[in-house]
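Before any comments, here is the structure.
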Amino acid sequence: MISTTPAYQPPPSVPKLSLTNVHKAFGSKVVLDGISLDVRPGESVVVIGGSGTGKSVLLKSVLGLITPDSGSILIDGEETVGLRGRKRDKVLRKFGMLFQGAALFDSLPVWENVAFGLIQGEGMARGPARDKAVEKLAQVGLGPEVADLFPAELSGGMQKRVGLARAIADEPDIIFFDEPTTGLDPIMADVINDLIVKCVKELGATALSITHDMASARKIADRVAMLYKGRLIWTGPAAQVFDSGNPYVDQFVHGRASGPITMAVRA
Amino acid sequence: MNSTSPVTAFLDFLALIGRVLLAFFNRVGRLSTFTALALFHCVTPPFYPRTLLRQMVEIGYYSLPVVGLTTLFSGMVLALQSHTGFARFAAEGAVATVVVISMTRELGPVLAGLMVAGRVGASMAAEIGTMRVTEQVDALSTLSTNPFKYLIAPRLLAGALMLPLLVLVGDIIGVFGGYLIGTYKLGFNPSNYIQRTWEFMEAMDVISGLVKASTFGFIIALMGCYNGYTSRGGAQGVGQATRNAVVSASILILVFNYLITELFFAR
């Protein structure tokens with residue numbers, strides 16, 4: 001059992017996040033077919049793959065929102081598959097997550113969204129939590145005047161920024177990014193990519209992202225893994241992704257319609 | 001081939017019965033697990049008093065006009081109808097008694113329950129359903145907040161606590177409606193009418209109505225939360241959840257109305 005006091009740092013040989021032979025099927029449809037992946041502390045791994053290849057299921061399995069059928073998911077060397085209640089909460093406290101559609105709570109103003117984990121999860125008083133939220137908003141380039149707006153009043157790019165501020169507010173060890181640039185124009189996408197790199201570096205956090213946007217993957221990844229038909233068919237340094245020699249990866253990163261990959265119809 | 005076809009037809013028929021039964025018990029099982037889990041989270045910390053208060057205001061205060069108008073006109077109609085009915089037996093004097101007993105025992109709780117099911121149950125299902133399909137429910141989990149505790153428990157508690165208060169107010173308004181018609185239209189002596197109302201009303205009439213109200217409030221919130229929480233697949237899924245919440249809550253209200261009446265008054 002590894003202690004979770006902040007002073008304790010696991011030895012660098014222990015991966016921050018380690019998946020071994022993870023399987024998940026919905027009915028007869030196999031979504032994850034034996035995924036194994038290690039992410040070292042401080043590393044940023046991006047999983048690329050087409051729509052419907054199981055990227056979201058992979059991420060949700062690590063978060064514990066979906067329970068895998070078999071396999072093991074270690075976080076700081078500790079098994080997390082099948083954890084429930086308080087133990088699960090304790091693991092979740094190490095995580096921050098930026099959702100694809102930002103998933104901001106639309107009944108709460110922006111600052112309460114950002115401070116949500118602080119107020120509800122850690123029991124911080126509302127006053128100091130608000131100050132912390134404004135500080136986090138500044139980190140993602142938003143002024144204090146945004147704090148009292150509601151999420152519905154913001155543009156897509158601004159919502160993503162608030163989502164990012166919320167993901168880093170708790171100062172998590174591991175941050176997950178679910179298609180961080182989807183639905184944004186290229187300039188705003190690049191702004192978000194820069195912010196992600198900056199925030200992850202500042203926190204010294206480990207990052208696991210899923211995306212199909214190669215510009216984004218190239219910018220935020222140390223290492224890239226390609227998911228195809230429920231398996232990781234290629235893993236390598238981000239610099240090598242454009243000359244991997246793997247026909248599947250080549251087709252994907254260059255966005256060619258013809259090649260070994262055929263598109264799945266059903267999600 | 002002729003000899004086998006009735007057999008296969010019969011087997012198909014049996015298979016159909018099996019499928020329907022399995023689907024039914026599957027649903028009942030899911031709902032029971034959901035209810036048990038929700039009740040468990042109602043009584044274990046952390047609690048969210050702010051959310052509870054907000055739901056109490058939403059269910060109790062904002063439903064007052066709807067419930068007030070419904071019971072007012074029901075009381076008025078009741079006085080009018082029972083007067084014309086009892087005139088045949090020269091028993092017009094019973095109008096006040098009939099109004100107060102039917103209002104407190106039956107019409108108050110049932111009408112308030114049905115109106116609130118349409119108003120509050122639908123909005124709960126739509127709100128939680130939208131939160132589900134936009135990943136806000138998942139976001140709660142990643143911010144170490146249990147969605148059952150934060151979203152569902154306060155709604156169930158608020159429903160079970162506020163409906164009795166609403167019904168109490170509704171009872172009074174309904175009896176007042178009967179009084180208005182009785183005195184201004186049917187020519188009863190006001191003090192006589194009030195005296196007859198008091199004389200024949202028993203504590204058990206009101207208490208049984210309030211027990212019903214509390215049960216109905218719980219059912220409305222449960223159906224709203226369950227259907228919203230389990231909704232899938234975008235706008236259409238949320239629409240379906242909203243419809244199911246209102247229909248199932250309304251039917252369950254009528255079923256439980258019978259069961260509770262049986263419990264209190266059958267000898």
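Labeling convention for the structure tokens: chains A, B, ... as they appear, residues from 1 per chain, ligands from 1 in order of appearance.
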Point to revise | Spatial neighbours of range 220-234 of chain A, 6 Å, only C-alpha atoms, chain gap at least 4 places, as a PyMOL selection string | key: chain A and resi 31-33+35+44-49+53+197+238
Exercise for review: Just the residues within 8 Å of Leu53 in chain B, please, counting only C-alpha atoms, with nothing from its chain fewer than 4 positions along; format it as a list in words.
Suggested key: Pro49, Val57 and Ala158 of chain B
Exercise for review: Counting only C-alpha atoms, collect the residues of chain A whose closest atom lies at most 8 Å from chain B, and write them out as JSON, numbers by chain.
Suggested key: {"A": [63, 65, 89, 90, 92, 93, 95, 96, 97, 99, 101, 103, 104, 105, 116, 117, 120, 121]}
Review point. With only C-alpha atoms as the basis for distance, which of B:Lys149, B:Ala96, B:Ser74, B:Ser250 is at the shortest distance from Ser191 in chain B?
Key: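 The answer is B:Ala96, which sits nearest to Ser191 in chain B.
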